[in-house]
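Text of start_9.csv, listed as CSV, N, CA and C atoms:
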chain,number,residue,atom,x,y,z
A,1,MET,N,-43.6,-25.4,-1.7
A,1,MET,CA,-43.4,-26.4,-2.8
A,1,MET,C,-44.6,-26.4,-3.7
A,2,THR,N,-44.5,-25.6,-4.8
A,2,THR,CA,-45.6,-25.6,-5.8
A,2,THR,C,-45.1,-26.2,-7.1
A,3,ALA,N,-45.9,-27.1,-7.6
A,3,ALA,CA,-45.7,-27.7,-8.8
A,3,ALA,C,-46.4,-27.0,-9.9
A,4,THR,N,-45.7,-26.9,-11.1
A,4,THR,CA,-46.4,-26.2,-12.2
A,4,THR,C,-46.6,-27.1,-13.4
A,5,ALA,N,-46.0,-28.2,-13.4
A,5,ALA,CA,-46.2,-29.1,-14.6
A,5,ALA,C,-47.0,-30.3,-14.2
A,6,PRO,N,-47.8,-30.8,-15.2
A,6,PRO,CA,-48.6,-32.0,-14.9
A,6,PRO,C,-47.6,-33.2,-14.6
A,7,THR,N,-48.1,-34.2,-13.9
A,7,THR,CA,-47.2,-35.3,-13.4
A,7,THR,C,-47.3,-36.5,-14.4
A,8,THR,N,-48.3,-36.6,-15.2
A,8,THR,CA,-48.3,-37.7,-16.1
A,8,THR,C,-48.6,-37.2,-17.6
A,9,PRO,N,-48.2,-38.0,-18.5
A,9,PRO,CA,-48.5,-37.7,-19.9
A,9,PRO,C,-50.0,-37.4,-20.2
A,10,THR,N,-50.9,-38.2,-19.5
A,10,THR,CA,-52.3,-38.0,-19.6
A,10,THR,C,-52.8,-36.6,-19.2
A,11,GLU,N,-52.3,-36.2,-18.0
A,11,GLU,CA,-52.6,-34.9,-17.5
A,11,GLU,C,-52.1,-33.8,-18.4
A,12,ALA,N,-50.9,-34.0,-19.0
A,12,ALA,CA,-50.4,-33.0,-19.9
A,12,ALA,C,-51.2,-33.0,-21.2
A,13,ALA,N,-51.7,-34.1,-21.6
A,13,ALA,CA,-52.5,-34.1,-22.8
A,13,ALA,C,-53.8,-33.4,-22.6
A,14,VAL,N,-54.4,-33.6,-21.4
A,14,VAL,CA,-55.7,-33.0,-21.1
A,14,VAL,C,-55.5,-31.5,-21.1
A,15,VAL,N,-54.5,-31.0,-20.4
A,15,VAL,CA,-54.2,-29.6,-20.4
A,15,VAL,C,-54.0,-29.0,-21.8
A,16,GLU,N,-53.2,-29.7,-22.5
A,16,GLU,CA,-52.9,-29.2,-23.9
A,16,GLU,C,-54.1,-29.2,-24.7
A,17,GLN,N,-55.0,-30.2,-24.6
A,17,GLN,CA,-56.2,-30.2,-25.4
A,17,GLN,C,-57.2,-29.1,-25.0
A,18,ALA,N,-57.3,-28.8,-23.7
A,18,ALA,CA,-58.1,-27.7,-23.2
A,18,ALA,C,-57.6,-26.4,-23.7
A,19,GLU,N,-56.3,-26.2,-23.7
A,19,GLU,CA,-55.7,-24.9,-24.1
A,19,GLU,C,-55.9,-24.8,-25.6
A,20,GLN,N,-55.8,-25.9,-26.4
A,20,GLN,CA,-56.1,-25.8,-27.8
A,20,GLN,C,-57.5,-25.4,-28.1
A,21,GLU,N,-58.4,-26.0,-27.3
A,21,GLU,CA,-59.8,-25.6,-27.5
A,21,GLU,C,-60.1,-24.1,-27.2
A,22,ALA,N,-59.4,-23.6,-26.2
A,22,ALA,CA,-59.6,-22.2,-25.9
A,22,ALA,C,-59.0,-21.3,-27.0
A,23,ALA,N,-57.9,-21.7,-27.5
A,23,ALA,CA,-57.3,-21.0,-28.7
A,23,ALA,C,-58.2,-21.0,-29.9
A,24,GLU,N,-58.8,-22.1,-30.2
A,24,GLU,CA,-59.7,-22.3,-31.3
A,24,GLU,C,-61.0,-21.4,-31.1
A,25,ALA,N,-61.5,-21.3,-29.9
A,25,ALA,CA,-62.6,-20.5,-29.6
A,25,ALA,C,-62.3,-19.0,-29.8
A,26,GLU,N,-61.1,-18.6,-29.4
A,26,GLU,CA,-60.7,-17.2,-29.6
A,26,GLU,C,-60.6,-16.9,-31.1
A,27,GLN,N,-60.1,-17.9,-31.9
A,27,GLN,CA,-60.0,-17.7,-33.3
A,27,GLN,C,-61.4,-17.6,-34.0
A,28,LEU,N,-62.3,-18.4,-33.5
A,28,LEU,CA,-63.7,-18.4,-34.0
A,28,LEU,C,-64.3,-17.0,-33.8
A,29,LEU,N,-64.1,-16.4,-32.6
A,29,LEU,CA,-64.6,-15.1,-32.4
A,29,LEU,C,-64.0,-14.0,-33.3
A,30,ALA,N,-62.6,-14.1,-33.4
A,30,ALA,CA,-61.9,-13.2,-34.3
A,30,ALA,C,-62.4,-13.3,-35.7
A,31,ALA,N,-62.7,-14.6,-36.2
A,31,ALA,CA,-63.1,-14.8,-37.6
A,31,ALA,C,-64.5,-14.2,-37.7
A,32,LEU,N,-65.4,-14.3,-36.7
A,32,LEU,CA,-66.7,-13.7,-36.8
A,32,LEU,C,-66.6,-12.2,-36.9
A,33,GLU,N,-65.8,-11.6,-36.1
A,33,GLU,CA,-65.6,-10.2,-36.1
A,33,GLU,C,-65.1,-9.7,-37.4
A,34,GLU,N,-64.2,-10.4,-38.0
A,34,GLU,CA,-63.7,-10.1,-39.4
A,34,GLU,C,-64.8,-10.2,-40.4
A,35,ARG,N,-65.6,-11.2,-40.3
A,35,ARG,CA,-66.7,-11.4,-41.3
A,35,ARG,C,-67.7,-10.3,-41.1
A,36,ASP,N,-68.0,-9.8,-39.9
A,36,ASP,CA,-68.9,-8.7,-39.7
A,36,ASP,C,-68.3,-7.4,-40.3
A,37,ARG,N,-67.0,-7.2,-40.1
A,37,ARG,CA,-66.4,-6.0,-40.7
A,37,ARG,C,-66.4,-6.0,-42.3
A,38,ASP,N,-66.5,-7.2,-42.8
A,38,ASP,CA,-66.6,-7.4,-44.3
A,38,ASP,C,-68.0,-7.3,-44.8
A,39,GLY,N,-68.9,-7.1,-43.9
A,39,GLY,CA,-70.3,-6.9,-44.3
A,39,GLY,C,-71.1,-8.2,-44.4
A,40,ASP,N,-70.7,-9.3,-43.8
A,40,ASP,CA,-71.4,-10.6,-43.9
A,40,ASP,C,-72.7,-10.4,-43.1
A,41,LYS,N,-73.9,-10.5,-43.8
A,41,LYS,CA,-75.2,-10.3,-43.1
A,41,LYS,C,-75.6,-11.6,-42.3
A,42,GLN,N,-74.9,-12.7,-42.4
A,42,GLN,CA,-75.2,-13.9,-41.7
A,42,GLN,C,-74.6,-13.9,-40.3
A,43,VAL,N,-73.7,-12.9,-40.0
A,43,VAL,CA,-73.2,-12.8,-38.7
A,43,VAL,C,-74.2,-11.9,-37.8
A,44,THR,N,-74.7,-12.6,-36.8
A,44,THR,CA,-75.7,-11.9,-35.9
A,44,THR,C,-75.1,-11.7,-34.5
A,45,ALA,N,-75.9,-10.9,-33.8
A,45,ALA,CA,-75.5,-10.7,-32.4
A,45,ALA,C,-75.5,-12.0,-31.6
A,46,GLN,N,-76.4,-12.8,-31.9
A,46,GLN,CA,-76.5,-14.1,-31.2
A,46,GLN,C,-75.3,-15.0,-31.5
A,47,ARG,N,-74.8,-14.9,-32.7
A,47,ARG,CA,-73.6,-15.7,-33.0
A,47,ARG,C,-72.4,-15.1,-32.3
A,48,PHE,N,-72.3,-13.8,-32.1
A,48,PHE,CA,-71.2,-13.2,-31.3
A,48,PHE,C,-71.3,-13.7,-29.9
A,49,THR,N,-72.5,-13.6,-29.3
A,49,THR,CA,-72.8,-14.0,-28.0
A,49,THR,C,-72.4,-15.5,-27.8
A,50,ASP,N,-72.8,-16.3,-28.7
A,50,ASP,CA,-72.4,-17.7,-28.6
A,50,ASP,C,-70.9,-18.0,-28.6
A,51,ALA,N,-70.3,-17.2,-29.5
A,51,ALA,CA,-68.8,-17.4,-29.7
A,51,ALA,C,-68.1,-16.9,-28.4
A,52,ARG,N,-68.5,-15.8,-27.9
A,52,ARG,CA,-67.9,-15.2,-26.6
A,52,ARG,C,-68.1,-16.2,-25.5
A,53,GLU,N,-69.3,-16.8,-25.3
A,53,GLU,CA,-69.6,-17.7,-24.3
A,53,GLU,C,-68.8,-19.0,-24.4
A,54,LEU,N,-68.6,-19.5,-25.7
A,54,LEU,CA,-67.8,-20.6,-25.9
A,54,LEU,C,-66.4,-20.4,-25.5
A,55,GLY,N,-65.9,-19.2,-25.9
A,55,GLY,CA,-64.5,-18.8,-25.5
A,55,GLY,C,-64.3,-18.8,-24.0
A,56,ARG,N,-65.3,-18.2,-23.4
A,56,ARG,CA,-65.2,-18.0,-21.9
A,56,ARG,C,-65.2,-19.4,-21.3
A,57,PHE,N,-66.1,-20.3,-21.7
A,57,PHE,CA,-66.2,-21.6,-21.2
A,57,PHE,C,-64.9,-22.4,-21.5
A,58,ALA,N,-64.3,-22.3,-22.7
A,58,ALA,CA,-63.1,-23.0,-23.0
A,58,ALA,C,-61.9,-22.5,-22.1
A,59,LYS,N,-61.9,-21.2,-21.9
A,59,LYS,CA,-60.8,-20.7,-21.0
A,59,LYS,C,-60.9,-21.2,-19.6
A,60,LEU,N,-62.2,-21.3,-19.1
A,60,LEU,CA,-62.4,-21.8,-17.7
A,60,LEU,C,-62.0,-23.3,-17.7
A,61,HIS,N,-62.4,-24.0,-18.7
A,61,HIS,CA,-62.1,-25.4,-18.8
A,61,HIS,C,-60.5,-25.6,-18.8
A,62,ALA,N,-59.8,-24.8,-19.6
A,62,ALA,CA,-58.4,-24.9,-19.6
A,62,ALA,C,-57.8,-24.6,-18.2
A,63,GLU,N,-58.3,-23.6,-17.6
A,63,GLU,CA,-57.8,-23.2,-16.2
A,63,GLU,C,-58.1,-24.4,-15.2
A,64,ALA,N,-59.3,-25.0,-15.3
A,64,ALA,CA,-59.6,-26.1,-14.5
A,64,ALA,C,-58.6,-27.3,-14.7
A,65,ALA,N,-58.3,-27.5,-16.0
A,65,ALA,CA,-57.4,-28.6,-16.3
A,65,ALA,C,-56.0,-28.4,-15.7
A,66,ARG,N,-55.5,-27.1,-15.8
A,66,ARG,CA,-54.2,-26.8,-15.3
A,66,ARG,C,-54.2,-26.9,-13.7
A,67,ARG,N,-55.3,-26.4,-13.1
A,67,ARG,CA,-55.4,-26.5,-11.6
A,67,ARG,C,-55.4,-28.0,-11.2
A,68,LYS,N,-56.1,-28.8,-11.9
A,68,LYS,CA,-56.2,-30.2,-11.5
A,68,LYS,C,-54.9,-30.9,-11.7
A,69,ALA,N,-54.1,-30.5,-12.7
A,69,ALA,CA,-52.8,-31.1,-13.0
A,69,ALA,C,-51.8,-30.6,-11.8
A,70,VAL,N,-51.9,-29.4,-11.4
A,70,VAL,CA,-51.1,-28.9,-10.4
A,70,VAL,C,-51.4,-29.6,-9.1
A,71,ARG,N,-52.7,-29.8,-8.8
A,71,ARG,CA,-53.0,-30.5,-7.5
A,71,ARG,C,-52.5,-31.9,-7.5
A,72,ALA,N,-52.6,-32.6,-8.7
A,72,ALA,CA,-52.1,-33.9,-8.8
A,72,ALA,C,-50.6,-34.0,-8.6
A,73,ALA,N,-49.9,-33.0,-9.2
A,73,ALA,CA,-48.4,-32.9,-9.0
A,73,ALA,C,-48.1,-32.7,-7.6
A,74,GLU,N,-48.8,-31.8,-6.9
A,74,GLU,CA,-48.5,-31.5,-5.5
A,74,GLU,C,-48.8,-32.8,-4.6
A,75,ALA,N,-49.9,-33.5,-4.9
A,75,ALA,CA,-50.2,-34.7,-4.2
A,75,ALA,C,-49.1,-35.7,-4.4
A,76,THR,N,-48.6,-35.9,-5.6
A,76,THR,CA,-47.5,-36.8,-5.9
A,76,THR,C,-46.3,-36.4,-5.1
A,77,GLU,N,-46.0,-35.1,-5.1
A,77,GLU,CA,-44.8,-34.6,-4.4
A,77,GLU,C,-44.9,-34.9,-2.9
A,78,GLN,N,-46.1,-34.8,-2.3
A,78,GLN,CA,-46.2,-35.0,-0.9
A,78,GLN,C,-46.2,-36.5,-0.6
A,79,GLU,N,-46.5,-37.4,-1.5
A,79,GLU,CA,-46.5,-38.8,-1.3
A,79,GLU,C,-45.1,-39.4,-1.3
A,80,ARG,N,-44.2,-38.7,-2.0
A,80,ARG,CA,-42.8,-39.2,-2.1
A,80,ARG,C,-42.1,-39.2,-0.8
A,81,PRO,N,-41.4,-40.3,-0.5
A,81,PRO,CA,-40.7,-40.4,0.8
A,81,PRO,C,-39.6,-39.4,0.8
A,82,CYS,N,-39.3,-38.8,2.0
A,82,CYS,CA,-38.3,-37.8,2.2
A,82,CYS,C,-37.1,-38.4,2.9
A,83,THR,N,-36.6,-39.5,2.5
A,83,THR,CA,-35.5,-40.1,3.3
A,83,THR,C,-34.3,-39.3,3.3
A,84,THR,N,-33.9,-38.6,2.3
A,84,THR,CA,-32.7,-37.8,2.3
A,84,THR,C,-32.8,-36.6,3.2
A,85,GLU,N,-34.0,-36.0,3.3
A,85,GLU,CA,-34.2,-34.8,4.1
A,85,GLU,C,-34.2,-35.2,5.6
A,86,ARG,N,-34.7,-36.4,5.9
A,86,ARG,CA,-34.9,-36.8,7.3
A,86,ARG,C,-33.7,-37.4,7.9
A,87,ALA,N,-32.7,-37.9,7.0
A,87,ALA,CA,-31.6,-38.6,7.5
A,87,ALA,C,-30.8,-37.9,8.6
A,88,PRO,N,-30.4,-36.6,8.5
A,88,PRO,CA,-29.7,-35.9,9.6
A,88,PRO,C,-30.6,-35.8,10.8
A,89,TYR,N,-31.8,-35.6,10.7
A,89,TYR,CA,-32.7,-35.5,11.8
A,89,TYR,C,-32.8,-36.9,12.5
A,90,ASP,N,-32.9,-37.9,11.8
A,90,ASP,CA,-33.0,-39.3,12.4
A,90,ASP,C,-31.8,-39.6,13.1
A,91,ARG,N,-30.6,-39.2,12.6
A,91,ARG,CA,-29.4,-39.5,13.3
A,91,ARG,C,-29.3,-38.8,14.6
A,92,LEU,N,-29.8,-37.5,14.7
A,92,LEU,CA,-29.8,-36.7,15.9
A,92,LEU,C,-30.7,-37.3,16.9
A,93,THR,N,-31.8,-37.8,16.5
A,93,THR,CA,-32.9,-38.2,17.5
A,93,THR,C,-32.8,-39.7,17.7
A,94,ARG,N,-31.9,-40.5,17.1
A,94,ARG,CA,-31.9,-41.9,17.3
A,94,ARG,C,-31.4,-42.2,18.7
A,95,ARG,N,-32.1,-43.0,19.4
A,95,ARG,CA,-31.8,-43.4,20.7
A,95,ARG,C,-31.0,-44.7,20.7
A,96,THR,N,-29.9,-44.7,21.5
A,96,THR,CA,-29.1,-45.9,21.6
A,96,THR,C,-29.6,-46.7,22.7
A,97,PRO,N,-29.5,-48.0,22.6
A,97,PRO,CA,-30.0,-48.9,23.7
A,97,PRO,C,-29.1,-48.7,24.9
A,98,ALA,N,-29.7,-48.7,26.1
A,98,ALA,CA,-29.0,-48.4,27.3
A,98,ALA,C,-28.4,-49.7,27.9
In structure tokens, what does this structure look like?
Amino acid sequence: MTATAPTTPTEAAVVEQAEQEAAEAEQLLAALEERDRDGDKQVTAQRFTDARELGRFAKLHAEAARRKAVRAAEATEQERPCTTERAPYDRLTRRTPA
């Protein structure tokens, strides 16, 4: 039983925000690369390094948000009562008064 979706709107919003930040970090690096190709002398190796590290951190943050949401969904799933699944078992094991 693996859950893949966040269980609450708040969790979904956190995941969506983290994924958006990761996408923006990738776009920043791509823009820096394009500026360098165009000969922009203000683009330095340090700016590339910073953009790469920001992108890596943003991706890790997004993955952490997804994992947290999945764990929360799994915990919610486990807390739900299983009355319909146990009903046949309960009927079989029910003891009648002697």
Please provide as number ranges by chain all residues within 8 Å of range 43-49 of chain A, with the sequence filter that same-chain residues fewer than 6 positions apart are discarded (counting only N, CA and C atoms). A: 29, 32-33, 35-36, 55
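Atom pair atom C of Ala22 in chain A / atom N of Phe57 in chain A has a distance of 8.9 Å (rounded to one decimal).
Ranking A:Gln42, A:Gln20, A:Gln27, A:Thr8 by their shortest atom-to-atom distance to Val70 in chain A, with only C-alpha atoms included, puts A:Thr8 first.
Among A:Gln78, A:Ala12, A:Gln17, A:Glu24, the residue with the shortest atom-to-atom distance to Ala62 in chain A, counting only C-alpha atoms, is A:Gln17.
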